[in-house]
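One file, work.cif, carrying mmCIF, C-alpha atoms:
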data_data
loop_
_atom_site.label_atom_id
_atom_site.label_comp_id
_atom_site.auth_asym_id
_atom_site.auth_seq_id
_atom_site.Cartn_x
_atom_site.Cartn_y
_atom_site.Cartn_z
CA MET A 1382 167.22 -44.22 178.62
CA SER A 1383 166.85 -43.18 174.97
CA ALA A 1384 169.28 -40.86 173.21
CA PRO A 1385 168.47 -37.14 173.36
CA LEU A 1386 166.53 -35.68 170.45
CA LEU A 1387 169.01 -32.86 170.00
CA ARG A 1388 172.46 -31.97 171.24
CA ALA A 1389 174.17 -28.67 170.42
CA ARG A 1390 177.70 -27.85 171.46
CA ALA A 1391 179.14 -24.37 170.80
CA LEU A 1392 176.66 -24.13 167.94
CA VAL A 1393 177.00 -21.01 165.79
CA ALA A 1394 174.43 -20.55 163.03
CA GLY A 1395 173.70 -17.93 160.41
CA TRP A 1396 172.70 -17.25 156.84
CA GLN A 1397 175.48 -15.58 154.82
CA GLY A 1398 177.74 -15.43 157.86
CA PRO A 1399 177.77 -16.40 161.58
CA ALA A 1400 174.89 -14.62 163.31
CA THR A 1401 174.58 -16.21 166.75
CA ALA A 1402 176.71 -16.55 169.86
CA PRO A 1403 177.91 -20.11 170.60
CA LEU A 1404 175.09 -22.14 172.12
CA ASP A 1405 175.04 -25.36 174.19
CA PHE A 1406 171.96 -27.43 174.99
CA VAL A 1407 170.56 -30.92 175.13
CA LEU A 1408 166.90 -31.67 174.47
CA GLU A 1409 165.50 -34.92 175.83
CA ASN A 1410 162.30 -36.59 174.70
CA GLY A 1411 159.21 -35.18 176.42
CA ARG A 1412 160.67 -31.74 177.09
CA ILE A 1413 160.13 -28.22 175.82
CA LEU A 1414 163.06 -25.90 175.22
CA GLY A 1415 162.45 -22.17 174.97
CA LEU A 1416 164.77 -19.75 173.21
CA THR A 1417 164.27 -16.16 174.20
CA GLY A 1418 166.15 -12.87 174.23
CA PRO A 1419 166.03 -9.45 172.59
CA ASN A 1420 165.40 -8.91 168.89
CA GLY A 1421 168.33 -9.65 166.62
CA VAL A 1422 170.15 -12.19 168.79
CA GLY A 1423 169.41 -15.01 166.34
CA LYS A 1424 166.54 -16.94 167.94
CA THR A 1425 164.86 -17.60 164.60
CA THR A 1426 168.24 -18.33 163.01
CA ILE A 1427 168.92 -21.10 165.53
CA LEU A 1428 165.47 -22.56 164.90
CA SER A 1429 166.09 -22.38 161.15
CA ALA A 1430 169.43 -24.15 161.58
CA LEU A 1431 167.66 -26.98 163.43
CA ALA A 1432 165.26 -27.25 160.47
CA GLY A 1433 168.11 -27.27 157.96
CA ARG A 1434 167.24 -23.87 156.50
CA ALA A 1435 170.10 -21.82 157.99
CA ARG A 1436 173.77 -22.84 157.98
CA VAL A 1437 175.75 -24.18 160.91
CA PHE A 1438 179.05 -22.31 160.78
CA SER A 1439 180.80 -23.94 163.71
CA GLY A 1440 180.21 -26.17 166.67
CA LEU A 1441 178.26 -29.38 166.73
CA LEU A 1442 174.60 -30.13 166.11
CA GLU A 1443 173.56 -33.73 166.61
CA MET A 1444 170.07 -34.99 165.93
CA ARG A 1445 168.73 -38.41 166.77
CA PRO A 1446 168.81 -40.44 163.53
CA GLY A 1447 165.48 -40.55 161.71
CA LEU A 1448 164.10 -37.57 163.60
CA ARG A 1449 160.89 -36.28 162.00
CA LEU A 1450 160.61 -32.50 162.18
CA ALA A 1451 157.63 -30.20 162.00
CA LEU A 1452 158.30 -26.48 161.57
CA GLN A 1453 156.02 -23.50 162.13
CA THR A 1454 157.48 -20.21 160.94
CA GLN A 1455 156.28 -16.67 161.58
CA ASP A 1456 155.10 -16.43 157.98
CA VAL A 1457 151.33 -16.63 157.72
CA PRO A 1458 150.37 -19.50 155.41
CA PRO A 1459 149.41 -17.86 152.10
CA VAL A 1460 145.81 -19.01 151.95
CA ALA A 1461 144.07 -15.77 150.97
CA GLY A 1462 141.87 -16.56 147.99
CA VAL A 1463 142.52 -20.30 148.19
CA PRO A 1464 139.44 -22.48 148.75
CA LEU A 1465 140.91 -24.59 151.54
CA THR A 1466 138.99 -25.43 154.73
CA GLY A 1467 140.46 -25.85 158.19
CA ARG A 1468 139.63 -29.55 158.10
CA GLU A 1469 141.46 -29.94 154.79
CA LEU A 1470 144.47 -28.10 156.26
CA LEU A 1471 144.63 -30.55 159.18
CA GLU A 1472 144.36 -33.49 156.77
CA LEU A 1473 147.39 -32.20 154.87
CA THR A 1474 149.67 -32.60 157.88
CA ALA A 1475 147.72 -35.58 159.29
CA ALA A 1476 146.97 -33.58 162.45
CA PRO A 1477 143.88 -34.71 164.40
CA ALA A 1478 141.16 -32.17 165.14
CA ASP A 1479 140.55 -33.65 168.61
CA GLY A 1480 141.50 -31.19 171.31
CA LEU A 1481 140.94 -28.01 169.32
CA PRO A 1482 139.40 -25.18 171.38
CA PRO A 1483 135.62 -24.87 171.08
CA TRP A 1484 135.92 -21.45 169.38
CA LEU A 1485 137.72 -23.17 166.53
CA GLY A 1486 136.35 -26.72 166.46
CA GLY A 1487 133.00 -25.54 165.07
CA ARG A 1488 134.62 -23.55 162.27
CA LEU A 1489 136.69 -26.30 160.67
CA ASP A 1490 134.51 -26.51 157.57
CA LEU A 1491 134.92 -22.83 156.75
CA ARG A 1492 137.51 -21.61 154.27
CA LEU A 1493 140.67 -20.46 156.01
CA ASP A 1494 140.39 -17.03 154.44
CA ARG A 1495 136.96 -16.63 156.06
CA LEU A 1496 138.44 -17.03 159.58
CA SER A 1497 139.85 -14.21 161.70
CA GLY A 1498 143.63 -13.72 161.73
CA GLY A 1499 143.91 -15.26 165.20
CA GLN A 1500 141.77 -18.27 164.33
CA ARG A 1501 143.72 -18.87 161.12
CA HIS A 1502 147.03 -18.58 162.97
CA TYR A 1503 145.98 -21.03 165.67
CA LEU A 1504 144.72 -23.55 163.13
CA ALA A 1505 147.94 -23.30 161.09
CA LEU A 1506 149.89 -23.72 164.34
CA TRP A 1507 147.75 -26.68 165.40
CA ALA A 1508 148.31 -28.40 162.06
CA ILE A 1509 152.06 -28.32 162.74
CA LEU A 1510 151.94 -28.96 166.49
CA GLN A 1511 149.79 -32.08 166.14
CA ALA A 1512 151.42 -33.43 162.97
CA PRO A 1513 153.16 -36.79 163.40
CA ALA A 1514 156.66 -35.60 164.34
CA ASP A 1515 159.37 -36.26 166.91
CA LEU A 1516 160.53 -32.67 167.17
CA VAL A 1517 158.27 -29.64 166.74
CA LEU A 1518 159.88 -26.25 166.05
CA LEU A 1519 157.71 -23.20 166.73
CA ASP A 1520 158.63 -19.59 165.96
CA GLU A 1521 156.72 -17.03 168.04
CA PRO A 1522 153.64 -19.26 168.41
CA THR A 1523 151.74 -16.74 170.57
CA ASN A 1524 151.69 -14.07 167.84
CA ASN A 1525 148.09 -13.04 167.02
CA LEU A 1526 146.69 -15.11 169.91
CA ASP A 1527 144.46 -13.69 172.63
CA ALA A 1528 144.64 -14.80 176.26
CA ALA A 1529 142.31 -17.76 175.65
CA GLY A 1530 144.44 -18.87 172.72
CA VAL A 1531 147.66 -18.67 174.71
CA ALA A 1532 146.11 -20.61 177.61
CA HIS A 1533 144.92 -23.33 175.27
CA LEU A 1534 148.32 -23.48 173.59
CA VAL A 1535 150.07 -23.98 176.93
CA THR A 1536 147.87 -26.99 177.68
CA ALA A 1537 148.22 -28.37 174.16
CA LEU A 1538 152.04 -28.11 174.29
CA ARG A 1539 152.23 -29.95 177.62
CA GLU A 1540 149.93 -32.69 176.32
CA ARG A 1541 151.93 -32.89 173.10
CA VAL A 1542 155.24 -33.63 174.80
CA ALA A 1543 153.58 -35.91 177.35
CA SER A 1544 152.58 -38.15 174.46
CA GLY A 1545 156.14 -38.19 173.11
CA GLY A 1546 158.54 -36.00 171.20
CA GLY A 1547 160.05 -32.65 172.04
CA VAL A 1548 159.47 -29.01 171.25
CA VAL A 1549 161.84 -26.11 170.63
CA LEU A 1550 160.09 -22.78 170.61
CA VAL A 1551 161.19 -19.21 170.09
CA SER A 1552 159.24 -16.51 171.87
CA HIS A 1553 159.60 -12.99 173.19
CA ASP A 1554 156.64 -13.63 175.52
CA HIS A 1555 158.44 -14.23 178.82
CA ASP A 1556 155.31 -15.25 180.76
CA PHE A 1557 154.43 -17.85 178.15
CA VAL A 1558 157.98 -19.21 178.05
CA ALA A 1559 158.17 -19.41 181.85
CA GLN A 1560 154.81 -21.15 181.97
CA VAL A 1561 155.36 -23.85 179.36
CA CYS A 1562 159.09 -24.56 178.96
CA ASP A 1563 161.11 -27.11 180.89
CA GLN A 1564 164.35 -25.39 180.01
CA VAL A 1565 164.96 -21.84 178.81
CA ILE A 1566 167.96 -20.33 177.10
CA VAL A 1567 168.26 -16.56 176.96
CA LEU A 1568 170.32 -15.78 173.89
CA ARG A 1569 172.84 -13.00 174.15
CA GLU A 1570 174.03 -10.50 171.63
CA VAL A 1571 176.74 -11.60 169.26
CA PRO A 1572 179.94 -9.67 169.85
CA ASP A 1573 180.59 -7.37 166.88
CA VAL A 1574 181.81 -9.42 163.99
CA VAL A 1575 183.47 -7.34 161.27
CA MET B 843 124.72 -34.27 115.77
CA TRP B 844 125.44 -37.55 117.50
CA SER B 845 126.56 -39.18 114.29
CA ASP B 846 130.16 -40.35 114.16
CA LEU B 847 131.06 -37.09 112.51
CA PHE B 848 130.48 -35.17 115.72
CA LEU B 849 130.58 -37.86 118.39
CA LEU B 850 134.34 -38.43 118.21
CA PRO B 851 135.19 -34.71 118.37
CA PHE B 852 132.69 -34.26 121.21
CA LEU B 853 134.18 -37.12 123.24
CA THR B 854 137.73 -35.93 122.61
CA GLY B 855 136.90 -32.46 123.84
CA LEU B 856 134.90 -33.86 126.76
CA CYS B 857 137.98 -35.70 128.06
CA LEU B 858 139.84 -32.38 128.06
CA ALA B 859 136.88 -30.56 129.62
CA LEU B 860 137.10 -33.01 132.52
CA ILE B 861 140.82 -32.54 133.20
CA LEU B 862 141.66 -28.95 132.18
CA PRO B 863 139.57 -27.21 134.89
CA VAL B 864 141.18 -29.40 137.57
CA LEU B 865 144.63 -28.67 136.19
CA GLY B 866 143.66 -24.99 136.16
CA CYS B 867 142.93 -25.13 139.91
CA PHE B 868 146.41 -26.50 140.63
CA LEU B 869 148.05 -23.94 138.31
CA ARG B 870 146.18 -21.16 140.10
CA LEU B 871 147.16 -22.64 143.47
CA ARG B 872 150.80 -22.29 142.37
CA ASP B 873 150.21 -18.81 140.90
CA GLU B 874 151.13 -20.29 137.53
CA TRP B 875 147.99 -19.74 135.47
CA LEU B 876 150.12 -18.01 132.81
CA ALA B 877 151.64 -21.45 132.23
CA ALA B 878 148.52 -22.41 130.31
CA LEU B 879 149.22 -19.84 127.63
CA ALA B 880 152.98 -20.45 127.70
CA TYR B 881 152.80 -24.23 127.20
CA ALA B 882 150.08 -23.82 124.56
CA HIS B 883 152.23 -21.44 122.49
CA VAL B 884 155.31 -23.64 122.89
CA ALA B 885 153.27 -26.68 121.81
CA ALA B 886 152.01 -24.79 118.76
CA ALA B 887 155.56 -23.79 117.83
CA GLY B 888 156.78 -27.37 118.34
CA ALA B 889 153.99 -28.75 116.17
CA LEU B 890 154.84 -26.32 113.36
CA LEU B 891 158.56 -27.04 113.65
CA ALA B 892 157.86 -30.76 113.42
CA LEU B 893 155.64 -30.23 110.39
CA VAL B 894 158.33 -28.24 108.61
CA GLY B 895 160.88 -30.92 109.57
CA GLY B 896 158.72 -33.70 108.15
CA LEU B 897 157.74 -35.12 111.55
CA SER B 898 154.37 -35.63 113.17
CA PRO B 899 152.99 -32.28 114.45
CA ALA B 900 151.44 -34.03 117.46
CA PHE B 901 154.83 -35.45 118.41
CA GLY B 902 156.53 -32.09 117.91
CA GLY B 903 153.97 -30.23 120.00
CA MET B 904 154.12 -32.65 122.90
CA ALA B 905 157.92 -32.90 122.80
CA ALA B 906 158.33 -29.11 122.81
CA ALA B 907 155.88 -28.65 125.70
CA ALA B 908 157.49 -31.45 127.72
CA LEU B 909 160.94 -29.97 127.13
CA ALA B 910 159.71 -26.56 128.25
CA GLY B 911 158.10 -28.02 131.37
CA ALA B 912 161.20 -29.96 132.35
CA SER B 913 163.78 -27.27 131.57
CA LYS B 914 161.85 -24.54 133.38
CA ARG B 915 163.23 -25.83 136.66
CA VAL B 916 166.81 -25.51 135.47
CA PHE B 917 166.38 -21.75 135.16
CA ALA B 918 163.96 -21.43 138.11
CA ARG B 919 166.23 -19.21 140.19
CA ARG B 920 166.96 -16.78 137.35
CA LEU B 921 163.38 -16.78 136.07
CA ALA B 922 161.40 -16.37 139.29
CA GLY B 923 158.08 -14.58 139.53
CA GLY B 924 156.49 -16.10 136.45
CA ALA B 925 159.17 -14.78 134.10
CA ALA B 926 159.76 -18.31 132.77
CA PHE B 927 156.19 -18.55 131.51
CA ALA B 928 156.22 -15.07 129.97
CA LEU B 929 159.45 -15.88 128.10
CA LEU B 930 158.14 -19.27 126.97
CA LEU B 931 154.95 -17.64 125.73
CA LEU B 932 156.87 -15.03 123.76
CA ALA B 933 159.31 -17.57 122.35
CA GLY B 934 156.51 -19.95 121.31
CA TRP B 935 154.52 -17.17 119.70
CA ALA B 936 157.56 -15.76 117.86
CA VAL B 937 158.65 -19.14 116.46
CA ALA B 938 155.09 -20.05 115.43
CA VAL B 939 154.46 -16.74 113.65
CA LEU B 940 157.82 -16.82 111.86
CA LEU B 941 157.23 -20.38 110.67
CA ALA B 942 153.70 -19.57 109.55
CA ALA B 943 154.95 -16.51 107.67
CA ASN B 944 157.56 -18.47 105.76
CA GLN B 945 155.99 -21.89 105.20
CA PRO B 946 152.54 -22.17 103.53
CA LEU B 947 151.89 -25.56 105.13
CA ALA B 948 152.81 -24.19 108.54
CA GLU B 949 150.52 -21.23 108.00
CA ARG B 950 147.48 -23.50 107.56
CA LEU B 951 148.33 -25.60 110.60
CA GLY B 952 149.15 -22.46 112.58
CA HIS B 953 145.67 -21.10 111.98
CA ALA B 954 144.17 -24.44 112.97
CA LEU B 955 146.20 -24.56 116.20
CA PHE B 956 145.40 -21.03 117.28
CA ASP B 957 141.73 -21.10 116.23
CA GLY B 958 141.06 -24.68 117.29
CA GLN B 959 140.17 -27.65 115.15
CA LEU B 960 138.02 -29.68 117.51
CA TYR B 961 135.49 -30.69 114.83
CA PHE B 962 138.26 -32.37 112.83
CA SER B 963 139.34 -34.64 115.71
CA GLY B 964 139.09 -38.31 114.87
CA GLY B 965 139.59 -41.67 116.49
CA ALA B 966 143.37 -41.31 116.62
CA GLN B 967 143.12 -38.06 118.58
CA LEU B 968 140.59 -39.58 120.99
CA ALA B 969 142.84 -42.61 121.48
CA LEU B 970 145.60 -40.22 122.56
CA VAL B 971 143.55 -37.80 124.66
CA ALA B 972 141.32 -40.23 126.59
CA PRO B 973 144.06 -42.34 128.24
CA TRP B 974 146.15 -39.22 128.86
CA ALA B 975 143.22 -37.53 130.63
CA VAL B 976 142.85 -40.57 132.90
CA PHE B 977 146.61 -40.65 133.57
CA ALA B 978 146.81 -36.90 134.21
CA GLY B 979 143.83 -37.09 136.58
CA ALA B 980 145.45 -39.92 138.51
CA MET B 981 148.75 -38.02 138.68
CA LEU B 982 147.05 -34.89 140.01
CA LEU B 983 145.32 -37.03 142.61
CA VAL B 984 148.66 -38.46 143.72
CA LEU B 985 150.44 -35.08 143.72
CA SER B 986 147.55 -33.12 145.22
CA ARG B 987 148.58 -33.30 148.91
CA HIS B 988 152.17 -32.35 148.20
CA LEU B 989 151.19 -29.48 145.92
CA LEU B 990 148.89 -28.11 148.62
CA LEU B 991 151.58 -28.55 151.29
CA ALA B 992 154.12 -26.75 149.10
CA ARG B 993 151.75 -23.78 148.98
CA VAL B 994 150.65 -23.70 152.62
CA TYR B 995 153.87 -24.84 154.31
CA PRO B 996 156.72 -24.16 151.86
CA ASP B 997 159.27 -25.46 154.40
CA TYR B 998 157.53 -28.81 154.83
CA PHE B 999 159.74 -30.73 152.41
CA GLN B 1000 163.02 -29.39 153.81
CA ALA B 1001 161.99 -29.99 157.43
CA ARG B 1002 161.05 -33.57 156.60
CA HIS B 1003 164.20 -34.13 154.52
CA LEU B 1004 162.00 -34.85 151.52
CA ARG B 1005 162.85 -33.97 147.94
CA ALA B 1006 160.36 -31.55 146.45
CA TRP B 1007 161.67 -31.61 142.89
CA PRO B 1008 160.08 -34.92 141.80
CA VAL B 1009 156.66 -33.54 142.76
CA MET B 1010 157.26 -30.23 140.99
CA LEU B 1011 158.78 -31.82 137.90
CA GLY B 1012 155.97 -34.36 137.72
CA PHE B 1013 153.39 -31.59 137.90
CA ASP B 1014 155.19 -29.46 135.29
CA LEU B 1015 155.25 -32.39 132.87
CA VAL B 1016 151.59 -33.24 133.42
CA ALA B 1017 150.66 -29.58 132.89
CA ALA B 1018 152.83 -29.18 129.78
CA LEU B 1019 151.66 -32.36 128.06
CA THR B 1020 148.00 -31.84 128.90
CA LEU B 1021 148.15 -28.32 127.50
CA ALA B 1022 149.95 -29.54 124.39
CA LEU B 1023 147.14 -32.01 123.73
CA ALA B 1024 144.52 -29.37 124.49
CA THR B 1025 146.15 -26.92 122.07
CA MET B 1026 146.24 -29.47 119.27
CA THR B 1027 142.64 -30.46 119.92
CA MET B 1028 140.72 -27.29 120.72
CA GLY B 1029 143.24 -24.50 120.05
CA VAL B 1030 145.27 -22.20 122.24
CA MET B 1031 142.43 -20.06 123.56
CA GLY B 1032 139.86 -22.85 123.85
CA GLY B 1033 142.22 -24.73 126.16
CA PHE B 1034 143.12 -21.56 128.06
CA ALA B 1035 139.46 -20.74 128.65
CA LEU B 1036 138.88 -24.16 130.25
CA ILE B 1037 142.02 -23.77 132.37
CA PHE B 1038 141.41 -20.24 133.57
CA VAL B 1039 137.69 -19.51 134.00
CA PRO B 1040 136.46 -22.51 136.06
CA ALA B 1041 139.46 -22.22 138.40
CA TRP B 1042 138.87 -18.47 138.77
CA ILE B 1043 135.24 -19.11 139.76
CA VAL B 1044 136.23 -21.89 142.15
CA PHE B 1045 138.83 -19.81 143.96
CA ARG B 1046 136.25 -17.08 144.51
CA ARG B 1047 133.25 -19.19 145.41
CA ALA B 1048 134.07 -22.79 146.38
CA PRO B 1049 133.62 -23.69 150.07
CA GLY B 1050 136.62 -26.04 150.10
CA TRP B 1051 139.31 -27.67 147.97
CA ARG B 1052 137.63 -30.99 147.16
CA ARG B 1053 134.28 -29.41 146.46
CA GLY B 1054 136.14 -26.80 144.45
CA LEU B 1055 137.69 -29.42 142.18
CA LEU B 1056 134.27 -30.98 141.70
CA LEU B 1057 132.73 -27.60 140.91
CA ALA B 1058 135.53 -26.82 138.44
CA THR B 1059 134.89 -30.11 136.63
CA LEU B 1060 131.13 -29.51 136.50
CA LEU B 1061 131.62 -25.97 135.20
CA GLY B 1062 134.10 -27.18 132.59
CA VAL B 1063 131.87 -29.99 131.33
CA ALA B 1064 128.72 -27.85 131.34
CA GLY B 1065 130.43 -24.95 129.58
CA TYR B 1066 132.08 -27.24 127.06
CA THR B 1067 128.88 -29.15 126.22
CA ALA B 1068 126.85 -25.97 125.84
CA ALA B 1069 129.55 -24.37 123.68
CA PHE B 1070 129.86 -27.46 121.47
CA MET B 1071 126.12 -27.50 120.77
CA LEU B 1072 125.81 -23.74 120.39
CA ALA B 1073 128.76 -23.53 117.99
CA LEU B 1074 127.27 -26.32 115.86
CA TRP B 1075 123.81 -24.78 115.91
CA LEU B 1076 125.08 -21.32 114.99
CA ASP B 1077 127.74 -22.71 112.64
CA GLN B 1078 130.48 -20.77 114.43
CA PRO B 1079 134.04 -21.71 115.43
CA PHE B 1080 134.08 -23.62 118.73
CA GLY B 1081 136.92 -21.82 120.60
CA PRO B 1082 135.45 -18.30 120.66
CA VAL B 1083 131.98 -19.61 121.54
CA LEU B 1084 133.44 -21.58 124.46
CA ALA B 1085 135.45 -18.59 125.68
CA LEU B 1086 132.45 -16.24 125.55
CA LEU B 1087 130.17 -18.73 127.28
CA LEU B 1088 132.65 -19.31 130.09
CA ILE B 1089 133.22 -15.58 130.50
CA VAL B 1090 129.46 -14.99 130.88
CA LEU B 1091 129.23 -17.94 133.30
CA GLY B 1092 132.17 -16.55 135.27
CA LEU B 1093 130.78 -13.04 135.50
CA VAL B 1094 127.40 -14.36 136.68
CA ILE B 1095 128.76 -16.80 139.30
CA ALA B 1096 131.96 -15.15 140.51
#

This structure in structure tokens:
Amino acid sequence: MSAPLLRARALVAGWQGPATAPLDFVLENGRILGLTGPNGVGKTTILSALAGRARVFSGLLEMRPGLRLALQTQDVPPVAGVPLTGRELLELTAAPADGLPPWLGGRLDLRLDRLSGGQRHYLALWAILQAPADLVLLDEPTNNLDAAGVAHLVTALRERVASGGGVVLVSHDHDFVAQVCDQVIVLREVPDVV
Amino acid sequence: MWSDLFLLPFLTGLCLALILPVLGCFLRLRDEWLAALAYAHVAAAGALLALVGGLSPAFGGMAAAALAGASKRVFARRLAGGAAFALLLLAGWAVAVLLAANQPLAERLGHALFDGQLYFSGGAQLALVAPWAVFAGAMLLVLSRHLLLARVYPDYFQARHLRAWPVMLGFDLVAALTLALATMTMGVMGGFALIFVPAWIVFRRAPGWRRGLLLATLLGVAGYTAAFMLALWLDQPFGPVLALLLIVLGLVIA
């Protein structure tokens, strides 16, 4: 059995100071971990710590050596006014177009700023989800998606981990998390730190 | 007009007309189009400083622009939001004007640099510009994917444990040196027109990135060739004719 992709023990992360309660988890290859909980508990901060953007203040975070990460943040890629097509976006991250939903597959040769917000979001998400990576980190991936988009994402995520790698996702969409994740951690509020 | 007298200047400018619009697209992608004016003014100041110091103006211009491009990153945090380019522009302009005001030789070269002296380009200038245009084009080709990724997915490098600074420094140096050569060949505003207008049209109208770069090149070459011939025919300075032609082209297409 191969080593886990990720192992966190009493992990506390933050930006200027500790911002999360201690967290323990292990993520094996082929599994999806969901982080959920109310606003302000540090879901995005944990994800950012995994990506090396936020600081680990205490505890242990082990990653399998040589792990290739792909990160999708809540920020919309700033493509307004940039002449970049969907196909060119996928080429940037080496993500294949195979498997895209029909409502998007036929629009790959349009500029991204000519697509609707939902279409642009899904394409930007797809470019990260299908990029060659061992661990995919997704922050609120269902934002801006309609029911068809969410349904397609659920299938795509299951197929993604079935072909190898793991996923950590942050979402406030409980139905989506329950539907797609193999393991779920509900983050709790940090006790007042003064 | 195709005698040696005009052929060498035409070919020298043509090399720049091929590369400047492409460079302009990448500068616009990075919201750094002001860099064109900043590096051009710094190059002009460096050329004048070198002249006053008894060195080659071409060397001085390129060295000053390269230094500005490389050192910009050192102050990146303090000079965010394009402030670095505004300060470089002001510093370059101030040094150039002060030198021109106090040194008669610098005054003549200063006028040539700001107005453009394309028709006086010779074989030596072409021997410098042509290989540089090929090198700069190849560098932009190599850096292209990373520059696009840095715009679309700013966290890409950190998540992949890759160092972004070699890409950014490489681009800054290519931009600074190309603009230094452009300034010394076709003047500050001639070079700026080829950087700004084709890229502006492309970002408004192009259907994709690759086709956009091709369109920028075609617009640059067409505008440059037309301006070169028109300026000769009307016996007018090249830089302003090029700028006006590109503005008209831009307003019609964009």

- [ ] Determine which residues of chain A sit within 9 Å of chain B, taking into account only C-alpha atoms, and present them as a PyMOL selection string.
- [x] chain A and resi 1431-1434+1448-1454+1457-1460+1462-1467+1469-1470+1472-1474+1490-1492+1505

Task: Using only C-alpha atoms: which of B:Ala926, B:Leu1021, B:Val984, B:Leu932 has the shortest distance to B:Leu1036 - done: B:Leu1021

TODO: Taking the file above as input, evaluate the PyMOL selection byres ((chain B and resi 1075-1091) around 7) and report the hits as an NGL selection string.
DONE: :B and (957-958 or 1028-1029 or 1031-1032 or 1035 or 1039 or 1065-1066 or 1069-1074 or 1092-1095)

How would you write as a PDB file with C-alpha atoms, in the frame of the given file the residues that get within 9 Å of (162.7, -26.9, 184.1) in the file's frame, counting all atoms listed in the file?
ATOM      1  CA  ARG A1412     160.670 -31.740 177.090  1.00  0.00           C
ATOM      2  CA  ILE A1413     160.130 -28.220 175.820  1.00  0.00           C
ATOM      3  CA  LEU A1414     163.060 -25.900 175.220  1.00  0.00           C
ATOM      4  CA  CYS A1562     159.090 -24.560 178.960  1.00  0.00           C
ATOM      5  CA  ASP A1563     161.110 -27.110 180.890  1.00  0.00           C
ATOM      6  CA  GLN A1564     164.350 -25.390 180.010  1.00  0.00           C
ATOM      7  CA  VAL A1565     164.960 -21.840 178.810  1.00  0.00           C
TER       8      VAL A1565
END

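Among the candidates A:Ile1427, A:Val1437, A:Ser1552, A:Arg1501, the one nearest to A:Gly1398 when counting only C-alpha atoms is A:Val1437.
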
Open item on the list: To one decimal place in Å, what is the distance between atom CA of B:Leu1019 and atom CA of B:Trp935?
Closed with: 17.6 Å

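Relative to atom CA of B:Leu853, atom CA of B:Leu876 is found at 26.7 Å.
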
Contacts of A:Leu1496 at 10 Å or less, counting all atoms listed in the file, minus same-chain residues fewer than 6 places along, as a PDB file with C-alpha atoms, in the coordinates of the input?
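Output file out_29.pdb follows:
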ATOM      1  CA  THR A1466     138.990 -25.430 154.730  1.00  0.00           C
ATOM      2  CA  GLY A1467     140.460 -25.850 158.190  1.00  0.00           C
ATOM      3  CA  LEU A1485     137.720 -23.170 166.530  1.00  0.00           C
ATOM      4  CA  ARG A1488     134.620 -23.550 162.270  1.00  0.00           C
ATOM      5  CA  LEU A1489     136.690 -26.300 160.670  1.00  0.00           C
ATOM      6  CA  HIS A1502     147.030 -18.580 162.970  1.00  0.00           C
ATOM      7  CA  LEU A1504     144.720 -23.550 163.130  1.00  0.00           C
TER       8      LEU A1504
END

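Here the question is which of B:Val916, B:Leu989, B:Pro973, B:Leu890 gets nearest to B:His953 using only C-alpha atoms, and that residue is B:Leu890.
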
Task: Distance query B:Ala900 at most 8 Å, all atoms listed in the file, self and fewer than 4 positions along chain excluded, as a PyMOL selection string - done: chain B and resi 889+904+1023+1026

Write a file of the just-selected residues containing C-alpha atoms, as a PDB file, keeping the file's coordinate frame.
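That gives us out-v4.pdb:
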ATOM      1  CA  ALA B 889     153.990 -28.750 116.170  1.00  0.00           C
ATOM      2  CA  MET B 904     154.120 -32.650 122.900  1.00  0.00           C
ATOM      3  CA  LEU B1023     147.140 -32.010 123.730  1.00  0.00           C
ATOM      4  CA  MET B1026     146.240 -29.470 119.270  1.00  0.00           C
TER       5      MET B1026
END
